[in-house]
file model03.cif (mmCIF, C-alpha atoms)
data_run
loop_
_atom_site.label_atom_id
_atom_site.label_comp_id
_atom_site.auth_asym_id
_atom_site.auth_seq_id
_atom_site.Cartn_x
_atom_site.Cartn_y
_atom_site.Cartn_z
CA MET A 14 121.31 83.00 122.86
CA SER A 15 120.82 85.94 125.24
CA PHE A 16 121.56 89.65 124.73
CA LYS A 17 124.53 89.23 127.08
CA ASP A 18 126.06 86.85 124.55
CA LEU A 19 126.05 89.69 122.03
CA GLN A 20 128.54 91.62 124.17
CA LEU A 21 126.24 94.58 124.82
CA ASN A 22 127.17 96.76 127.78
CA ARG A 23 125.30 96.95 131.06
CA PRO A 24 123.45 100.25 130.50
CA ILE A 25 121.97 98.91 127.25
CA LEU A 26 121.18 95.51 128.76
CA ARG A 27 119.40 97.21 131.66
CA ALA A 28 117.30 99.33 129.29
CA ILE A 29 116.19 96.45 127.07
CA ALA A 30 115.44 94.30 130.13
CA GLU A 31 113.05 97.01 131.30
CA LYS A 32 111.46 96.90 127.84
CA GLY A 33 110.77 93.20 128.41
CA TYR A 34 113.29 91.88 125.91
CA ASP A 35 114.50 88.44 126.98
CA ASN A 36 116.35 86.97 124.01
CA PRO A 37 117.31 88.49 120.66
CA THR A 38 115.19 87.76 117.60
CA LEU A 39 116.85 86.03 114.67
CA VAL A 40 117.51 89.27 112.78
CA GLN A 41 119.08 90.78 115.92
CA GLU A 42 121.17 87.68 116.57
CA LYS A 43 122.53 87.73 113.02
CA THR A 44 122.92 91.48 112.55
CA ILE A 45 124.24 92.91 115.84
CA PRO A 46 127.66 91.15 115.73
CA SER A 47 128.29 92.34 112.15
CA VAL A 48 127.38 95.92 113.01
CA LEU A 49 129.61 95.82 116.10
CA ASP A 50 132.43 94.63 113.80
CA LYS A 51 131.77 97.81 111.77
CA LYS A 52 130.84 95.91 108.63
CA ASP A 53 128.41 97.17 106.01
CA VAL A 54 125.26 95.02 105.98
CA ILE A 55 122.23 94.52 103.77
CA VAL A 56 119.41 92.95 105.75
CA SER A 57 116.20 91.48 104.39
CA ALA A 58 113.56 90.77 107.03
CA GLN A 59 109.82 91.12 107.27
CA THR A 60 107.90 93.62 109.35
CA GLY A 61 107.77 92.73 113.02
CA THR A 62 111.05 90.81 113.22
CA GLY A 63 112.85 93.37 115.41
CA LYS A 64 114.82 95.24 112.75
CA THR A 65 114.99 98.54 114.66
CA ALA A 66 116.76 97.03 117.66
CA ALA A 67 119.05 95.14 115.25
CA PHE A 68 120.67 98.43 114.23
CA ALA A 69 119.84 100.67 117.22
CA LEU A 70 121.48 98.52 119.92
CA PRO A 71 124.89 98.12 118.22
CA ILE A 72 124.92 101.79 117.20
CA LEU A 73 124.42 102.80 120.84
CA GLN A 74 127.12 100.35 121.86
CA LEU A 75 129.62 101.76 119.33
CA LEU A 76 128.93 105.35 120.36
CA PHE A 77 128.81 104.70 124.10
CA ASP A 78 132.57 104.64 124.70
CA LYS A 79 133.27 107.63 122.43
CA GLN A 80 130.66 110.10 123.59
CA ASP A 81 131.24 113.78 122.95
CA SER A 82 131.54 116.03 125.95
CA PRO A 83 128.41 118.18 126.24
CA LYS A 84 130.70 121.15 126.93
CA LYS A 85 132.47 120.69 123.59
CA GLY A 86 129.23 120.21 121.72
CA ARG A 87 127.73 117.04 120.31
CA LYS A 88 128.19 116.07 116.68
CA ILE A 89 125.88 113.78 114.72
CA LYS A 90 127.65 110.41 114.56
CA ALA A 91 124.76 108.17 113.45
CA LEU A 92 122.10 108.99 110.86
CA ILE A 93 118.99 106.87 110.33
CA VAL A 94 116.99 107.73 107.21
CA SER A 95 113.34 106.62 107.19
CA PRO A 96 110.73 107.00 104.43
CA THR A 97 107.76 108.07 106.58
CA ARG A 98 107.09 110.34 109.52
CA GLU A 99 105.38 107.62 111.54
CA LEU A 100 108.27 105.21 111.15
CA ALA A 101 110.80 107.94 112.00
CA ILE A 102 108.93 108.74 115.21
CA GLN A 103 108.73 105.06 116.12
CA ILE A 104 112.47 104.58 115.57
CA SER A 105 113.17 107.68 117.67
CA GLU A 106 111.06 106.35 120.54
CA ASN A 107 113.00 103.08 120.48
CA PHE A 108 116.38 104.84 120.47
CA LYS A 109 115.39 106.97 123.46
CA ALA A 110 114.21 103.89 125.37
CA TYR A 111 117.36 101.88 124.61
CA ALA A 112 119.60 104.86 125.54
CA THR A 113 117.91 105.52 128.90
CA TYR A 114 121.04 104.70 130.91
CA THR A 115 123.55 106.32 128.57
CA ASN A 116 124.32 109.99 127.97
CA LEU A 117 123.65 109.69 124.26
CA GLU A 118 121.15 112.13 122.79
CA SER A 119 118.93 111.47 119.78
CA ALA A 120 116.47 113.58 117.81
CA VAL A 121 113.93 113.08 115.05
CA ILE A 122 113.08 115.44 112.19
CA PHE A 123 110.41 115.09 109.51
CA GLY A 124 108.29 117.14 107.15
CA GLY A 125 104.71 118.20 107.77
CA ALA A 126 105.63 119.78 111.10
CA SER A 127 107.01 123.14 112.23
CA ILE A 128 110.68 123.41 111.38
CA GLU A 129 111.71 125.85 114.14
CA PRO A 130 111.45 123.42 117.10
CA GLN A 131 113.49 120.89 115.13
CA ILE A 132 116.18 123.50 114.41
CA GLU A 133 116.31 124.41 118.11
CA VAL A 134 116.84 120.77 119.13
CA LEU A 135 119.58 120.28 116.54
CA ARG A 136 121.44 123.40 117.62
CA LYS A 137 121.67 122.01 121.14
CA GLY A 138 123.53 119.03 119.68
CA VAL A 139 122.62 115.36 119.19
CA ASP A 140 124.59 112.14 118.74
CA ILE A 141 121.97 110.27 116.72
CA LEU A 142 119.59 111.74 114.15
CA ILE A 143 116.52 110.02 112.72
CA ALA A 144 115.14 111.81 109.66
CA THR A 145 112.95 111.66 106.60
CA PRO A 146 114.86 112.50 103.39
CA GLY A 147 113.14 115.76 102.42
CA ARG A 148 113.38 117.50 105.79
CA LEU A 149 116.96 116.30 106.25
CA LEU A 150 118.13 117.84 102.97
CA ASP A 151 116.13 121.01 103.65
CA LEU A 152 117.86 121.56 106.99
CA HIS A 153 121.23 120.67 105.51
CA LYS A 154 120.79 123.41 102.90
CA GLN A 155 120.11 125.82 105.75
CA ASP A 156 123.43 124.79 107.37
CA VAL A 157 121.60 123.47 110.43
CA ILE A 158 122.85 119.91 109.93
CA ASN A 159 126.47 118.86 109.54
CA LEU A 160 126.97 115.33 108.22
CA ASP A 161 130.78 115.45 108.21
CA TYR A 162 131.10 113.34 111.37
CA ILE A 163 128.71 110.51 110.45
CA GLN A 164 130.15 107.14 111.40
CA THR A 165 127.08 105.00 110.68
CA LEU A 166 124.38 105.59 108.06
CA VAL A 167 121.21 103.49 108.21
CA LEU A 168 118.71 103.30 105.35
CA ASP A 169 115.56 101.75 106.80
CA GLU A 170 112.69 100.33 104.71
CA ALA A 171 114.83 100.91 101.62
CA ASP A 172 112.35 99.32 99.20
CA LEU A 173 109.58 101.67 100.32
CA MET A 174 111.98 104.62 100.20
CA LEU A 175 112.67 103.91 96.54
CA ASP A 176 109.00 103.22 95.76
CA MET A 177 108.18 106.67 97.15
CA GLY A 178 110.63 108.31 94.75
CA PHE A 179 113.43 109.11 97.20
CA ILE A 180 116.22 107.49 95.17
CA ASP A 181 117.93 110.78 94.25
CA ASP A 182 117.58 112.12 97.80
CA VAL A 183 119.06 108.93 99.26
CA LYS A 184 122.03 109.07 96.90
CA LYS A 185 122.62 112.72 97.75
CA ILE A 186 122.47 112.04 101.50
CA GLU A 187 124.93 109.18 101.10
CA ARG A 188 127.36 111.45 99.22
CA LEU A 189 127.12 114.13 101.92
CA CYS A 190 128.37 111.64 104.53
CA PRO A 191 132.06 110.68 104.87
CA LYS A 192 133.32 107.95 102.56
CA THR A 193 134.68 106.01 105.54
CA LYS A 194 131.27 105.58 107.17
CA GLN A 195 129.59 102.25 107.90
CA THR A 196 126.37 101.76 105.91
CA LEU A 197 123.47 99.56 106.99
CA LEU A 198 120.63 98.88 104.56
CA PHE A 199 117.41 97.31 105.86
CA SER A 200 114.55 96.33 103.59
CA ALA A 201 111.52 94.07 103.77
CA THR A 202 112.19 93.00 100.18
CA ILE A 203 115.28 93.22 97.99
CA PRO A 204 114.02 94.03 94.48
CA PHE A 205 116.45 94.85 91.69
CA LYS A 206 116.44 98.60 92.36
CA VAL A 207 117.46 98.00 95.98
CA GLU A 208 120.23 95.66 94.78
CA GLN A 209 121.41 98.40 92.42
CA LEU A 210 121.47 100.96 95.23
CA ALA A 211 123.32 98.58 97.55
CA SER A 212 125.98 97.89 94.93
CA THR A 213 126.80 101.59 94.67
CA ILE A 214 126.86 102.62 98.34
CA LEU A 215 127.87 99.50 100.34
CA THR A 216 131.39 98.09 100.60
CA ASP A 217 131.71 94.31 100.70
CA PRO A 218 128.46 94.02 102.69
CA LYS A 219 127.41 91.12 104.87
CA ARG A 220 124.09 89.83 103.50
CA ILE A 221 121.55 88.76 106.09
CA GLU A 222 118.19 87.26 105.15
CA VAL A 223 116.04 86.19 108.05
CA ALA A 224 113.03 84.84 106.20
CA GLN A 225 111.96 84.31 102.65
CA ASN A 226 110.21 87.39 101.35
CA SER A 227 107.44 85.15 100.09
CA SER A 228 106.75 83.43 103.39
CA THR A 229 103.72 84.06 105.59
CA SER A 230 103.33 83.07 109.21
CA LYS A 231 101.82 79.67 109.86
CA ASN A 232 99.88 81.31 112.71
CA VAL A 233 97.85 83.48 110.33
CA ASN A 234 94.61 81.93 109.07
CA GLN A 235 94.18 83.35 105.55
CA LEU A 236 90.70 83.55 104.02
CA VAL A 237 89.40 85.02 100.76
CA TYR A 238 85.88 86.18 99.90
CA PHE A 239 84.93 86.60 96.25
CA VAL A 240 82.58 89.57 95.98
CA PRO A 241 81.41 92.09 93.36
CA LYS A 242 83.31 95.38 93.74
CA LYS A 243 80.07 97.30 94.32
CA ASP A 244 79.22 95.07 97.30
CA LYS A 245 82.57 95.23 99.10
CA ILE A 246 81.49 97.78 101.69
CA GLU A 247 78.35 95.79 102.51
CA LEU A 248 80.37 92.59 102.83
CA CYS A 249 82.87 94.37 105.07
CA LEU A 250 80.04 95.52 107.35
CA HIS A 251 78.59 92.00 107.36
CA LEU A 252 81.93 90.50 108.38
CA LEU A 253 82.48 93.09 111.11
CA ARG A 254 79.04 92.32 112.54
CA ASN A 255 79.36 88.55 112.41
CA THR A 256 82.93 87.37 111.98
CA ILE A 257 85.80 89.82 112.46
CA LYS A 258 86.43 90.90 116.04
CA GLY A 259 89.11 92.66 118.08
CA ASN A 260 91.75 95.14 116.91
CA ILE A 261 91.71 95.38 113.13
CA ILE A 262 93.66 97.13 110.36
CA ILE A 263 91.82 97.49 107.06
CA PHE A 264 93.97 98.24 104.00
CA ARG A 265 92.68 100.23 101.06
CA ARG A 266 94.51 101.16 97.89
CA THR A 267 93.65 104.88 97.77
CA LYS A 268 93.25 107.81 100.15
CA TYR A 269 89.74 108.39 98.79
CA GLY A 270 88.85 104.77 99.53
CA VAL A 271 90.17 105.11 103.08
CA ASP A 272 88.07 108.21 103.75
CA LYS A 273 84.94 106.67 102.24
CA LEU A 274 85.19 103.49 104.30
CA GLU A 275 85.95 105.43 107.49
CA LYS A 276 82.81 107.56 107.11
CA THR A 277 80.71 104.45 106.44
CA LEU A 278 82.02 102.58 109.48
CA ILE A 279 81.56 105.54 111.81
CA LYS A 280 78.04 106.06 110.46
CA ASN A 281 77.32 102.41 111.36
CA GLY A 282 78.49 102.84 114.92
CA TYR A 283 82.06 101.49 114.69
CA LEU A 284 85.02 103.05 116.49
CA ALA A 285 87.30 103.73 113.54
CA ASP A 286 90.04 106.12 112.49
CA SER A 287 92.38 106.33 109.53
CA ILE A 288 95.83 107.30 108.29
CA HIS A 289 96.95 108.27 104.79
CA GLY A 290 99.32 110.69 103.10
CA ASP A 291 96.93 113.64 102.84
CA LYS A 292 96.30 113.78 106.58
CA SER A 293 98.41 116.11 108.72
CA GLN A 294 101.16 114.67 110.88
CA THR A 295 99.16 115.51 114.00
CA ALA A 296 96.03 113.78 112.70
CA ARG A 297 97.96 110.67 111.68
CA GLN A 298 99.75 110.44 115.02
CA ASP A 299 96.49 110.99 116.92
CA ALA A 300 94.86 108.16 114.95
CA LEU A 301 97.73 105.80 115.76
CA ASN A 302 97.73 106.73 119.42
CA LYS A 303 93.97 106.19 119.70
CA PHE A 304 94.35 102.78 118.08
CA LYS A 305 97.23 101.77 120.35
CA LYS A 306 95.30 102.97 123.42
CA LYS A 307 92.23 101.04 122.18
CA GLU A 308 90.09 104.16 121.99
CA VAL A 309 89.25 102.87 118.51
CA ASN A 310 89.56 99.25 117.41
CA ILE A 311 89.58 99.74 113.64
CA LEU A 312 92.35 101.54 111.76
CA ILE A 313 91.97 102.08 108.01
CA ALA A 314 95.14 102.82 106.10
CA THR A 315 96.97 102.94 102.81
CA ASP A 316 100.14 100.86 102.52
CA VAL A 317 102.50 103.83 102.38
CA ALA A 318 101.07 105.42 105.53
CA ALA A 319 101.12 102.18 107.52
CA ARG A 320 104.43 100.70 106.36
CA GLY A 321 106.76 99.82 109.22
CA ILE A 322 104.39 100.83 112.00
CA ASP A 323 104.63 98.43 114.91
CA ILE A 324 101.30 97.60 116.58
CA ASP A 325 101.08 94.90 119.23
CA HIS A 326 98.19 92.49 119.66
CA LEU A 327 96.57 92.94 116.26
CA ASP A 328 93.78 90.40 115.87
CA ALA A 329 93.05 90.74 112.16
CA VAL A 330 94.11 92.32 108.89
CA VAL A 331 91.51 93.00 106.20
CA ASN A 332 92.60 93.43 102.59
CA PHE A 333 89.61 95.47 101.42
CA ASP A 334 91.52 96.01 98.18
CA LEU A 335 93.97 93.32 97.13
CA PRO A 336 97.45 94.75 96.46
CA SER A 337 98.82 94.63 92.92
CA VAL A 338 102.28 93.78 94.27
CA PRO A 339 102.23 90.29 95.86
CA GLU A 340 104.95 91.10 98.40
CA THR A 341 102.72 93.85 99.80
CA TYR A 342 100.21 91.18 100.83
CA VAL A 343 102.94 89.44 102.85
CA HIS A 344 103.81 92.71 104.62
CA ARG A 345 100.18 93.46 105.39
CA ILE A 346 99.28 90.17 107.01
CA GLY A 347 102.63 90.05 108.79
CA ARG A 348 101.27 92.70 111.15
CA THR A 349 99.18 90.10 112.93
CA ALA A 350 100.24 86.85 114.64
CA ARG A 351 103.40 88.33 116.10
CA ALA A 352 105.45 86.83 118.91
CA GLY A 353 103.88 83.42 118.46
CA GLN A 354 100.30 84.67 118.66
CA SER A 355 97.60 83.68 116.18
CA GLY A 356 95.89 86.04 113.76
CA MET A 357 93.43 86.31 110.90
CA ALA A 358 93.75 87.73 107.41
CA TYR A 359 90.63 88.41 105.35
CA SER A 360 90.81 89.34 101.66
CA LEU A 361 87.92 90.71 99.62
CA CYS A 362 88.52 89.84 95.98
CA SER A 363 86.47 91.29 93.13
CA ALA A 364 86.57 90.04 89.54
CA ASP A 365 89.17 92.59 88.48
CA GLU A 366 91.50 91.48 91.29
CA LYS A 367 91.64 87.79 90.43
CA THR A 368 95.01 88.11 88.70
CA TYR A 369 96.34 89.81 91.82
CA LEU A 370 95.13 86.91 93.93
CA ALA A 371 96.70 84.39 91.58
CA ASP A 372 100.08 86.14 91.84
CA ILE A 373 99.81 86.30 95.64
CA GLN A 374 99.07 82.59 95.90
CA LYS A 375 101.93 81.80 93.55
CA LEU A 376 104.33 83.88 95.66
CA ILE A 377 103.36 82.38 99.03
CA HIS A 378 102.91 78.83 97.64
CA LEU A 379 99.50 78.59 99.25
CA GLN A 380 95.90 78.52 98.07
CA LEU A 381 93.83 80.78 100.32
CA ASP A 382 90.74 79.18 101.85
CA VAL A 383 87.68 80.38 99.93
CA MET A 384 84.68 81.43 102.03
CA ASP A 385 81.57 81.35 99.85
CA ASP A 386 78.98 81.32 102.66
CA HIS A 387 78.14 85.03 102.64
CA PRO A 388 75.33 87.26 101.30
CA PHE A 389 77.27 88.86 98.41
CA PRO A 390 78.76 86.07 96.27
CA LEU A 391 80.53 86.85 93.04
CA ASP A 392 78.89 85.56 89.88
CA PRO A 393 80.97 82.53 88.80
CA LYS A 394 80.78 83.86 85.24
CA ALA A 395 82.42 87.15 86.19
CA LYS A 396 85.69 87.38 84.30
CA PRO A 397 88.91 89.13 85.24
CA ILE A 398 89.63 92.34 83.38
CA VAL A 399 93.00 93.71 82.31
CA HIS A 400 94.09 96.44 84.72
CA LYS A 401 95.34 99.75 83.39
CA SER A 402 98.63 99.06 85.13
CA ALA A 403 99.09 95.98 82.95
CA LYS A 404 99.27 98.17 79.85
CA LYS A 405 102.21 100.03 81.37
CA GLY A 406 104.46 97.02 81.74
CA SER A 407 103.43 95.72 85.17
CA LYS A 408 103.68 92.05 85.97
CA HIS A 409 100.03 91.60 84.98
CA LYS A 410 100.82 91.68 81.28
CA LYS A 411 98.19 91.50 78.62
CA GLY A 412 97.63 87.99 77.40
CA ARG A 413 99.24 86.37 80.42
CA LYS A 414 97.05 83.90 82.27
CA SER A 415 97.53 83.37 85.98
CA GLU A 416 98.33 79.94 87.32
CA ALA A 417 95.01 79.85 89.13
CA SER A 418 93.02 80.74 86.01
CA LYS A 419 94.67 77.93 84.06
CA LYS A 420 93.74 75.37 86.69
CA LYS A 421 90.28 76.65 87.60
CA LYS A 422 88.49 77.72 84.44
CA LYS A 423 85.35 75.98 85.56
CA ARG A 424 85.11 77.71 88.95
CA TRP A 425 86.37 81.10 90.14
CA TYR A 426 85.03 81.39 93.67
#
call {"tool": "encode", "arguments": {"input": "model03.cif", "output": "structure tokens"}}
result
Amino acid sequence: MSFKDLQLNRPILRAIAEKGYDNPTLVQEKTIPSVLDKKDVIVSAQTGTGKTAAFALPILQLLFDKQDSPKKGRKIKALIVSPTRELAIQISENFKAYATYTNLESAVIFGGASIEPQIEVLRKGVDILIATPGRLLDLHKQDVINLDYIQTLVLDEADLMLDMGFIDDVKKIERLCPKTKQTLLFSATIPFKVEQLASTILTDPKRIEVAQNSSTSKNVNQLVYFVPKKDKIELCLHLLRNTIKGNIIIFRRTKYGVDKLEKTLIKNGYLADSIHGDKSQTARQDALNKFKKKEVNILIATDVAARGIDIDHLDAVVNFDLPSVPETYVHRIGRTARAGQSGMAYSLCSADEKTYLADIQKLIHLQLDVMDDHPFPLDPKAKPIVHKSAKKGSKHKKGRKSEASKKKKKRWY
């Protein structure tokens, strides 16, 4: 199937051709016709599958023939709500590129930046608005934004939006829009809370699932290194010197951990930068730009800061800290091996993360290849400990043994 088969108009086809798009991805092929038919949709697809174009292209198509006259003033007809500033900026860049040969105007607003320039842009009038929840509601309270003319509402990365505590904001934004609007919900995973949200704001939605949430690309070679927690930084340096090459994202669980590893890598002569929630918008964007321009080849990030960011030609992902949510592992390593390329995923697993590893392997139906030929092996007698999160009702419940621990009592590395 080609983009022409999706009944997109010539200005849009010309723009995406210049972007190098030949044929639609599976999520685009399945989603675009439903959006053009003005149906509500709930789409589950992993990072890197082309979700942005799946809603941006049909929205531009629907608005193209009913553009407001600049003399009469533009009204916001499409609203895209994104959980993070980086993702909002990325979506905005894509909309501008796809709309090159139309007269449609788009704008992006987000917190952590001066509000006055954003107000000035909005007062000039836009057709499409991309926004983070907090800044959107703030400007609405100031009567800068009018949502009465919204025809299409998009909730992107819905699972992350809810994880970040935006559930009340999202519901309020949905209520501020007309009841007759079309609603599109995109999410990497569809946990129960996303299902609940969808049931309250979508009308007879078309469900589209492009890939199993538990699947990982066959082009990613996944390796695990068992290592004492205190030796993780030394093992990371060892692997960077001898094994891991190219453009790399290293994931850490906390902002403090990100900063600590960044300082260590820079001290050892590596070109590294980082992104996390405590950094200013300018600093985060600068770090991303330097990584994309290959001024640095290592980017260290927390999951929230990096979620949804599209980076081409990523050679490797390093899980310095294993995630406690198995699906997060799938999202992380899905950033490499895109567009048919190959990639590497390295995981450093300490004794207290063994239950996390067991849950990951259970989810993806794959035993990671264990690499025990390194200078910092984990003592085979080291036992998993119960995480604090387990005492609060997480999936690592006290007394529960992982599948891997049942099968491999005699050897844990």
call {"tool": "atom_distance", "arguments": {"input": "model03.cif", "atom1": "atom CA of A:Val207", "atom2": "atom CA of A:Asp172"}}
result
6.2 Å
call {"tool": "atom_distance", "arguments": {"input": "model03.cif", "atom1": "atom CA of A:Val383", "atom2": "atom CA of A:Cys362"}}
result
10.3 Å
call {"tool": "resolve_selection", "arguments": {"input": "model03.cif", "expression": "the PyMOL selection byres ((chain A and resi 284) around 9)", "output": "PyMOL selection string"}}
result
chain A and resi 278-279+282-283+285-286+308-312
call {"tool": "resolve_selection", "arguments": {"input": "model03.cif", "expression": "the PyMOL selection byres ((chain A and resi 382) around 7)", "output": "PyMOL selection string"}}
result
chain A and resi 235-237+380-381+383-384
call {"tool": "resolve_selection", "arguments": {"input": "model03.cif", "expression": "the PyMOL selection byres ((chain A and resi 16-18) around 12)", "output": "ChimeraX atom specification"}}
result
/A:14-15,19-30,33-39,41-43,45-46,66-67,70-71
call {"tool": "residues_near_point", "arguments": {"input": "model03.cif", "point": "(106.3, 111.4, 109.0)", "cutoff": "7 Å", "atoms": "all atoms listed in the file", "output": "ChimeraX atom specification"}}
result
/A:97-101,123-124,294
call {"tool": "closest_atom_pairs", "arguments": {"input": "model03.cif", "of": "stretch 333-354 of chain A", "to": "stretch 257-263 of chain A", "cutoff": "12 Å", "atoms": "only C-alpha atoms", "output": "tab-separated table"}}
result
residue	atom	partner	partner_atom	distance
A:Phe333	CA	A:Ile263	CA	6.4
A:Asp334	CA	A:Ile263	CA	9.0
A:Leu335	CA	A:Ile263	CA	11.0
A:Arg345	CA	A:Ile262	CA	9.0
A:Ile346	CA	A:Ile262	CA	9.6
A:Gly347	CA	A:Ile262	CA	11.5
A:Arg348	CA	A:Ile262	CA	8.8
A:Thr349	CA	A:Ile261	CA	9.1
call {"tool": "write_last_selection", "arguments": {"input": "model03.cif", "atoms": "C-alpha atoms", "output": "PDB file, in the frame of the given file"}}
result
ATOM      1  CA  PHE A 333      89.610  95.470 101.420  1.00  0.00           C
ATOM      2  CA  ASP A 334      91.520  96.010  98.180  1.00  0.00           C
ATOM      3  CA  LEU A 335      93.970  93.320  97.130  1.00  0.00           C
ATOM      4  CA  ARG A 345     100.180  93.460 105.390  1.00  0.00           C
ATOM      5  CA  ILE A 346      99.280  90.170 107.010  1.00  0.00           C
ATOM      6  CA  GLY A 347     102.630  90.050 108.790  1.00  0.00           C
ATOM      7  CA  ARG A 348     101.270  92.700 111.150  1.00  0.00           C
ATOM      8  CA  THR A 349      99.180  90.100 112.930  1.00  0.00           C
TER       9      THR A 349
END
call {"tool": "closest_residue", "arguments": {"input": "model03.cif", "among": "A:Leu370, A:Ile163, A:Leu210, A:Val271", "to": "A:Ile72", "atoms": "only C-alpha atoms"}}
result
A:Ile163
call {"tool": "atom_distance", "arguments": {"input": "model03.cif", "atom1": "atom CA of A:Phe389", "atom2": "atom CA of A:Tyr359"}}
result
15.1 Å
call {"tool": "closest_residue", "arguments": {"input": "model03.cif", "among": "A:Gly125, A:Pro218, A:Pro96, A:Gly270", "to": "A:Ile143", "atoms": "all atoms listed in the file"}}
result
A:Pro96
call {"tool": "residues_around", "arguments": {"input": "model03.cif", "residues": "A:Glu247", "least_positions_apart": "4", "cutoff": "10 Å", "atoms": "all atoms listed in the file", "output": "ChimeraX atom specification"}}
result
/A:240,243,251-253,277,388-389
call {"tool": "axis_aligned_box", "arguments": {"input": "model03.cif", "around": "stretch 112-121 of chain A", "padding_each_side": "5 Å", "output": "JSON"}}
result
{"center_x": 119.1, "center_y": 109.1, "center_z": 123.0, "size_x": 20.4, "size_y": 18.9, "size_z": 25.9}
call {"tool": "residues_around", "arguments": {"input": "model03.cif", "residues": "A:Phe205", "least_positions_apart": "6", "cutoff": "12 Å", "atoms": "only C-alpha atoms", "output": "list in words"}}
result
Ala171, Asp172, Leu175, Asp176, Ala211 and Ser212 of chain A
call {"tool": "closest_residue", "arguments": {"input": "model03.cif", "among": "A:Ser363, A:Thr113, A:Thr315, A:Thr165", "to": "A:Glu187", "atoms": "only C-alpha atoms"}}
result
A:Thr165
call {"tool": "residues_around", "arguments": {"input": "model03.cif", "residues": "A:Ile104", "least_positions_apart": "3", "cutoff": "12 Å", "atoms": "only C-alpha atoms", "output": "PyMOL selection string"}}
result
chain A and resi 63-70+92-101+107-111+119-122+141-145+167+169-170+321-323
call {"tool": "closest_residue", "arguments": {"input": "model03.cif", "among": "A:Ala296, A:Leu73, A:Val54, A:Ile180", "to": "A:Asp217", "atoms": "all atoms listed in the file"}}
result
A:Val54
